[in-house]
Amino acid sequence: MAALATGDRQAMVRLIRRHGPGLRRFLAGTLAAPHEAEDLAQETFLRVWSAAARYDPARAAPATWVYRIALRLAIDRNRRTGFRRFLGLDAAPDPEDDRPGTEAGLAARQELALTQRALATLPDRQRRALLLRAVSGMTNAEIAATLGISAGAVEQLLVRARAALRARTKGEWG
């Protein structure tokens with residue numbers, strides 16, 4: 001981050017390589033329009049570039065700081081559109097009719113669609129905590145720093161989110 005603050009482009013390249021893929025997946029799950037994840041990831045990195053001199057390592061790890069910027073941008077984007085939903089079926093892969101294992105692929109896509117619908121019904125804070133854990137692999141402490149809540153609150157959000165997902169998908173998969 002210190003190198004980034006001095007305008008080191010290679011430091012930015014390293015940051016994007018390290019956090020870009022996970023950030024795009026996180027944003028796709030957070031945005032009302034998942035197809036906007038790439039644009040918002042780019043906007044996040046532009047903000048990181050322009051604000052790098054203000055980064056304080058005593059307040060947050062670099063990943064936490066980047067994800068917090070992304071989360072704020074995603075919340076703002078969702079508020080502007082006024083349209084709340086998690087992921088649609090458009091995120092599921094297309095059927096491969098002529099390939100072996102089509103039945104298994106169809107079952108997997110149906111399970112994915114069911115999970116996406118169940119995730120969409122979770123409260124925003126539960127969904128965000130779950131996505132930060134599942135997609136970004138963050139620890140409770142990192143999630144807490146990103147969301148601006150305590151680690152204990154993160155644990156409760158995750159417990160409630162998992163229980164709600166189990167309840168909403170029970171009997172549907174099997």
# chains A, B, ... in the order shown; residues from 1 in each chain; ligands from 1
call {"tool": "residues_around", "arguments": {"residues": "region 34-50 of chain A", "least_positions_apart": "3", "cutoff": "9 Å", "atoms": "only C-alpha atoms", "output": "number ranges by chain"}}
result
A: 4-5, 7, 12, 15-16, 20, 23-31, 53-55, 65-67, 69-70, 73-74, 77, 86-88, 91
call {"tool": "write_last_selection", "arguments": {"atoms": "N, CA and C atoms", "output": "PDB file, in the first residue's frame"}}
result
ATOM      1  N   LEU A   4       1.872   1.847  -3.484  1.00  0.00           N
ATOM      2  CA  LEU A   4       0.703   2.327  -4.224  1.00  0.00           C
ATOM      3  C   LEU A   4       0.488   3.820  -3.971  1.00  0.00           C
ATOM      4  N   ALA A   5       0.690   4.242  -2.740  1.00  0.00           N
ATOM      5  CA  ALA A   5       0.509   5.649  -2.381  1.00  0.00           C
ATOM      6  C   ALA A   5       1.494   6.562  -3.102  1.00  0.00           C
ATOM      7  N   GLY A   7       2.335   6.089  -6.165  1.00  0.00           N
ATOM      8  CA  GLY A   7       2.028   6.042  -7.591  1.00  0.00           C
ATOM      9  C   GLY A   7       2.660   4.880  -8.324  1.00  0.00           C
ATOM     10  N   MET A  12      -0.149  -1.475  -7.977  1.00  0.00           N
ATOM     11  CA  MET A  12      -1.568  -1.558  -8.314  1.00  0.00           C
ATOM     12  C   MET A  12      -1.867  -2.842  -9.067  1.00  0.00           C
ATOM     13  N   LEU A  15      -2.016  -5.605  -6.579  1.00  0.00           N
ATOM     14  CA  LEU A  15      -3.240  -5.530  -5.791  1.00  0.00           C
ATOM     15  C   LEU A  15      -4.431  -6.066  -6.586  1.00  0.00           C
ATOM     16  N   ILE A  16      -4.524  -5.687  -7.837  1.00  0.00           N
ATOM     17  CA  ILE A  16      -5.626  -6.150  -8.687  1.00  0.00           C
ATOM     18  C   ILE A  16      -5.546  -7.655  -8.902  1.00  0.00           C
ATOM     19  N   GLY A  20      -8.656  -8.853  -7.282  1.00  0.00           N
ATOM     20  CA  GLY A  20      -9.645  -8.629  -8.338  1.00  0.00           C
ATOM     21  C   GLY A  20     -10.668  -9.736  -8.521  1.00  0.00           C
ATOM     22  N   LEU A  23     -13.034  -9.976  -5.538  1.00  0.00           N
ATOM     23  CA  LEU A  23     -13.814  -8.751  -5.446  1.00  0.00           C
ATOM     24  C   LEU A  23     -14.949  -8.764  -6.464  1.00  0.00           C
ATOM     25  N   ARG A  24     -14.658  -9.205  -7.683  1.00  0.00           N
ATOM     26  CA  ARG A  24     -15.713  -9.273  -8.711  1.00  0.00           C
ATOM     27  C   ARG A  24     -16.801 -10.266  -8.309  1.00  0.00           C
ATOM     28  N   ARG A  25     -16.417 -11.418  -7.751  1.00  0.00           N
ATOM     29  CA  ARG A  25     -17.420 -12.393  -7.309  1.00  0.00           C
ATOM     30  C   ARG A  25     -18.258 -11.819  -6.165  1.00  0.00           C
ATOM     31  N   PHE A  26     -17.591 -11.158  -5.221  1.00  0.00           N
ATOM     32  CA  PHE A  26     -18.312 -10.537  -4.118  1.00  0.00           C
ATOM     33  C   PHE A  26     -19.297  -9.502  -4.635  1.00  0.00           C
ATOM     34  N   LEU A  27     -18.864  -8.650  -5.532  1.00  0.00           N
ATOM     35  CA  LEU A  27     -19.740  -7.606  -6.070  1.00  0.00           C
ATOM     36  C   LEU A  27     -20.897  -8.200  -6.868  1.00  0.00           C
ATOM     37  N   ALA A  28     -20.635  -9.273  -7.604  1.00  0.00           N
ATOM     38  CA  ALA A  28     -21.713  -9.913  -8.371  1.00  0.00           C
ATOM     39  C   ALA A  28     -22.803 -10.416  -7.435  1.00  0.00           C
ATOM     40  N   GLY A  29     -22.416 -10.850  -6.256  1.00  0.00           N
ATOM     41  CA  GLY A  29     -23.397 -11.322  -5.296  1.00  0.00           C
ATOM     42  C   GLY A  29     -24.045 -10.221  -4.486  1.00  0.00           C
ATOM     43  N   THR A  30     -23.452  -9.064  -4.464  1.00  0.00           N
ATOM     44  CA  THR A  30     -23.955  -7.954  -3.666  1.00  0.00           C
ATOM     45  C   THR A  30     -24.807  -6.994  -4.481  1.00  0.00           C
ATOM     46  N   LEU A  31     -24.488  -6.855  -5.750  1.00  0.00           N
ATOM     47  CA  LEU A  31     -25.193  -5.887  -6.599  1.00  0.00           C
ATOM     48  C   LEU A  31     -26.564  -6.394  -7.030  1.00  0.00           C
ATOM     49  N   ALA A  53      -2.979   7.142  -0.501  1.00  0.00           N
ATOM     50  CA  ALA A  53      -2.191   7.916   0.463  1.00  0.00           C
ATOM     51  C   ALA A  53      -2.912   8.044   1.804  1.00  0.00           C
ATOM     52  N   ARG A  54      -4.231   7.882   1.793  1.00  0.00           N
ATOM     53  CA  ARG A  54      -5.001   7.984   3.035  1.00  0.00           C
ATOM     54  C   ARG A  54      -5.161   6.643   3.742  1.00  0.00           C
ATOM     55  N   TYR A  55      -4.668   5.567   3.151  1.00  0.00           N
ATOM     56  CA  TYR A  55      -4.777   4.244   3.777  1.00  0.00           C
ATOM     57  C   TYR A  55      -3.998   4.232   5.089  1.00  0.00           C
ATOM     58  N   TRP A  65      -9.770  -2.972   3.655  1.00  0.00           N
ATOM     59  CA  TRP A  65      -9.959  -1.615   3.160  1.00  0.00           C
ATOM     60  C   TRP A  65     -10.553  -1.625   1.751  1.00  0.00           C
ATOM     61  N   VAL A  66      -9.997  -2.462   0.878  1.00  0.00           N
ATOM     62  CA  VAL A  66     -10.485  -2.552  -0.506  1.00  0.00           C
ATOM     63  C   VAL A  66     -11.934  -3.035  -0.527  1.00  0.00           C
ATOM     64  N   TYR A  67     -12.243  -4.088   0.237  1.00  0.00           N
ATOM     65  CA  TYR A  67     -13.604  -4.625   0.250  1.00  0.00           C
ATOM     66  C   TYR A  67     -14.595  -3.640   0.869  1.00  0.00           C
ATOM     67  N   ILE A  69     -14.426  -0.372   0.612  1.00  0.00           N
ATOM     68  CA  ILE A  69     -14.683   0.590  -0.469  1.00  0.00           C
ATOM     69  C   ILE A  69     -15.672  -0.011  -1.467  1.00  0.00           C
ATOM     70  N   ALA A  70     -15.440  -1.259  -1.839  1.00  0.00           N
ATOM     71  CA  ALA A  70     -16.333  -1.933  -2.793  1.00  0.00           C
ATOM     72  C   ALA A  70     -17.745  -2.058  -2.229  1.00  0.00           C
ATOM     73  N   LEU A  73     -19.539   1.250  -2.391  1.00  0.00           N
ATOM     74  CA  LEU A  73     -19.940   1.549  -3.771  1.00  0.00           C
ATOM     75  C   LEU A  73     -21.148   0.704  -4.181  1.00  0.00           C
ATOM     76  N   ALA A  74     -21.143  -0.569  -3.785  1.00  0.00           N
ATOM     77  CA  ALA A  74     -22.259  -1.458  -4.130  1.00  0.00           C
ATOM     78  C   ALA A  74     -23.545  -1.007  -3.455  1.00  0.00           C
ATOM     79  N   ARG A  77     -24.761   1.973  -5.308  1.00  0.00           N
ATOM     80  CA  ARG A  77     -25.307   1.590  -6.618  1.00  0.00           C
ATOM     81  C   ARG A  77     -26.689   0.978  -6.460  1.00  0.00           C
ATOM     82  N   PHE A  86     -30.571 -10.550  -5.499  1.00  0.00           N
ATOM     83  CA  PHE A  86     -29.211 -11.062  -5.351  1.00  0.00           C
ATOM     84  C   PHE A  86     -28.670 -11.524  -6.693  1.00  0.00           C
ATOM     85  N   LEU A  87     -28.901 -12.735  -7.084  1.00  0.00           N
ATOM     86  CA  LEU A  87     -28.458 -13.252  -8.376  1.00  0.00           C
ATOM     87  C   LEU A  87     -29.655 -13.830  -9.098  1.00  0.00           C
ATOM     88  N   GLY A  88     -29.648 -13.718 -10.403  1.00  0.00           N
ATOM     89  CA  GLY A  88     -30.722 -14.305 -11.192  1.00  0.00           C
ATOM     90  C   GLY A  88     -30.247 -15.584 -11.845  1.00  0.00           C
ATOM     91  N   ALA A  91     -27.027 -16.138 -14.106  1.00  0.00           N
ATOM     92  CA  ALA A  91     -25.688 -16.483 -13.637  1.00  0.00           C
ATOM     93  C   ALA A  91     -25.405 -17.970 -13.772  1.00  0.00           C
TER      94      ALA A  91
END
call {"tool": "residues_around", "arguments": {"residues": "region 119-123 of chain A", "least_positions_apart": "3", "cutoff": "12 Å", "atoms": "only C-alpha atoms", "output": "PyMOL selection string"}}
result
chain A and resi 29-32+84-89+112-116+126-131+157-158+160-169
call {"tool": "write_last_selection", "arguments": {"atoms": "N, CA and C atoms", "output": "mmCIF file, in the first residue's frame"}}
result
data_model
loop_
_atom_site.group_PDB
_atom_site.id
_atom_site.type_symbol
_atom_site.label_atom_id
_atom_site.label_comp_id
_atom_site.auth_asym_id
_atom_site.auth_seq_id
_atom_site.Cartn_x
_atom_site.Cartn_y
_atom_site.Cartn_z
ATOM 1 N N GLY A 29 -22.416 -10.850 -6.256
ATOM 2 C CA GLY A 29 -23.397 -11.322 -5.296
ATOM 3 C C GLY A 29 -24.045 -10.221 -4.486
ATOM 4 N N THR A 30 -23.452 -9.064 -4.464
ATOM 5 C CA THR A 30 -23.955 -7.954 -3.666
ATOM 6 C C THR A 30 -24.807 -6.994 -4.481
ATOM 7 N N LEU A 31 -24.488 -6.855 -5.750
ATOM 8 C CA LEU A 31 -25.193 -5.887 -6.599
ATOM 9 C C LEU A 31 -26.564 -6.394 -7.030
ATOM 10 N N ALA A 32 -27.480 -5.481 -7.183
ATOM 11 C CA ALA A 32 -28.799 -5.827 -7.701
ATOM 12 C C ALA A 32 -28.692 -6.296 -9.154
ATOM 13 N N ARG A 84 -33.705 -4.340 -5.627
ATOM 14 C CA ARG A 84 -32.967 -5.267 -4.782
ATOM 15 C C ARG A 84 -33.233 -6.717 -5.204
ATOM 16 N N ARG A 85 -32.148 -7.368 -5.575
ATOM 17 C CA ARG A 85 -32.180 -8.815 -5.755
ATOM 18 C C ARG A 85 -30.753 -9.309 -5.737
ATOM 19 N N PHE A 86 -30.571 -10.550 -5.499
ATOM 20 C CA PHE A 86 -29.211 -11.062 -5.351
ATOM 21 C C PHE A 86 -28.670 -11.524 -6.693
ATOM 22 N N LEU A 87 -28.901 -12.735 -7.084
ATOM 23 C CA LEU A 87 -28.458 -13.252 -8.376
ATOM 24 C C LEU A 87 -29.655 -13.830 -9.098
ATOM 25 N N GLY A 88 -29.648 -13.718 -10.403
ATOM 26 C CA GLY A 88 -30.722 -14.305 -11.192
ATOM 27 C C GLY A 88 -30.247 -15.584 -11.845
ATOM 28 N N LEU A 89 -31.163 -16.231 -12.529
ATOM 29 C CA LEU A 89 -30.815 -17.463 -13.235
ATOM 30 C C LEU A 89 -29.816 -17.214 -14.350
ATOM 31 N N LEU A 112 -28.219 -24.700 -7.859
ATOM 32 C CA LEU A 112 -27.656 -23.350 -7.821
ATOM 33 C C LEU A 112 -28.769 -22.301 -7.845
ATOM 34 N N ALA A 113 -29.740 -22.491 -8.702
ATOM 35 C CA ALA A 113 -30.847 -21.539 -8.800
ATOM 36 C C ALA A 113 -31.633 -21.483 -7.490
ATOM 37 N N LEU A 114 -31.855 -22.638 -6.868
ATOM 38 C CA LEU A 114 -32.566 -22.678 -5.597
ATOM 39 C C LEU A 114 -31.774 -21.938 -4.523
ATOM 40 N N THR A 115 -30.486 -22.184 -4.490
ATOM 41 C CA THR A 115 -29.625 -21.509 -3.512
ATOM 42 C C THR A 115 -29.631 -20.009 -3.751
ATOM 43 N N GLN A 116 -29.554 -19.578 -4.994
ATOM 44 C CA GLN A 116 -29.567 -18.154 -5.319
ATOM 45 C C GLN A 116 -30.866 -17.504 -4.870
ATOM 46 N N GLN A 126 -26.869 -10.273 6.551
ATOM 47 C CA GLN A 126 -26.568 -11.702 6.570
ATOM 48 C C GLN A 126 -25.963 -12.140 5.243
ATOM 49 N N ARG A 127 -26.571 -11.684 4.141
ATOM 50 C CA ARG A 127 -26.087 -12.071 2.819
ATOM 51 C C ARG A 127 -24.663 -11.567 2.596
ATOM 52 N N ARG A 128 -24.393 -10.320 2.984
ATOM 53 C CA ARG A 128 -23.056 -9.760 2.786
ATOM 54 C C ARG A 128 -22.014 -10.518 3.609
ATOM 55 N N ALA A 129 -22.333 -10.815 4.855
ATOM 56 C CA ALA A 129 -21.394 -11.554 5.706
ATOM 57 C C ALA A 129 -21.114 -12.933 5.114
ATOM 58 N N LEU A 130 -22.170 -13.603 4.657
ATOM 59 C CA LEU A 130 -22.006 -14.925 4.062
ATOM 60 C C LEU A 130 -21.174 -14.876 2.789
ATOM 61 N N LEU A 131 -21.415 -13.870 1.960
ATOM 62 C CA LEU A 131 -20.639 -13.722 0.725
ATOM 63 C C LEU A 131 -19.172 -13.407 1.011
ATOM 64 N N LEU A 157 -24.519 -13.293 12.517
ATOM 65 C CA LEU A 157 -25.062 -13.140 11.162
ATOM 66 C C LEU A 157 -24.857 -14.410 10.353
ATOM 67 N N LEU A 158 -23.654 -14.996 10.462
ATOM 68 C CA LEU A 158 -23.362 -16.218 9.707
ATOM 69 C C LEU A 158 -24.214 -17.387 10.186
ATOM 70 N N ARG A 160 -27.174 -17.261 11.659
ATOM 71 C CA ARG A 160 -28.556 -17.036 11.221
ATOM 72 C C ARG A 160 -28.716 -17.228 9.713
ATOM 73 N N ALA A 161 -27.735 -16.770 8.945
ATOM 74 C CA ALA A 161 -27.816 -16.911 7.483
ATOM 75 C C ALA A 161 -27.798 -18.375 7.078
ATOM 76 N N ARG A 162 -26.905 -19.147 7.677
ATOM 77 C CA ARG A 162 -26.831 -20.579 7.343
ATOM 78 C C ARG A 162 -28.105 -21.305 7.738
ATOM 79 N N ALA A 163 -28.632 -20.992 8.920
ATOM 80 C CA ALA A 163 -29.876 -21.629 9.366
ATOM 81 C C ALA A 163 -31.024 -21.275 8.432
ATOM 82 N N ALA A 164 -31.099 -20.021 8.030
ATOM 83 C CA ALA A 164 -32.165 -19.591 7.121
ATOM 84 C C ALA A 164 -32.040 -20.287 5.766
ATOM 85 N N LEU A 165 -30.818 -20.431 5.273
ATOM 86 C CA LEU A 165 -30.625 -21.118 3.988
ATOM 87 C C LEU A 165 -31.040 -22.580 4.092
ATOM 88 N N ARG A 166 -30.649 -23.236 5.186
ATOM 89 C CA ARG A 166 -31.046 -24.644 5.372
ATOM 90 C C ARG A 166 -32.568 -24.763 5.411
ATOM 91 N N ALA A 167 -33.211 -23.870 6.142
ATOM 92 C CA ALA A 167 -34.669 -23.925 6.261
ATOM 93 C C ALA A 167 -35.355 -23.668 4.923
ATOM 94 N N ARG A 168 -34.813 -22.750 4.153
ATOM 95 C CA ARG A 168 -35.456 -22.386 2.878
ATOM 96 C C ARG A 168 -35.214 -23.408 1.785
ATOM 97 N N THR A 169 -34.160 -24.195 1.913
ATOM 98 C CA THR A 169 -33.865 -25.175 0.868
ATOM 99 C C THR A 169 -34.185 -26.602 1.309
#
call {"tool": "atom_distance", "arguments": {"atom1": "CA of Ala11 (chain A)", "atom2": "CA of Gly148 (chain A)"}}
result
26.5 Å
call {"tool": "atom_distance", "arguments": {"atom1": "CA of Thr64 (chain A)", "atom2": "CA of Gln156 (chain A)"}}
result
19.6 Å
call {"tool": "residues_around", "arguments": {"residues": "Asp56 (chain A)", "least_positions_apart": "3", "cutoff": "10 Å", "atoms": "only C-alpha atoms", "output": "list in words"}}
result
Met1, Ala2, Ala52, Ala53, Arg59, Ala60, Ala61, Pro62 and Trp65 of chain A
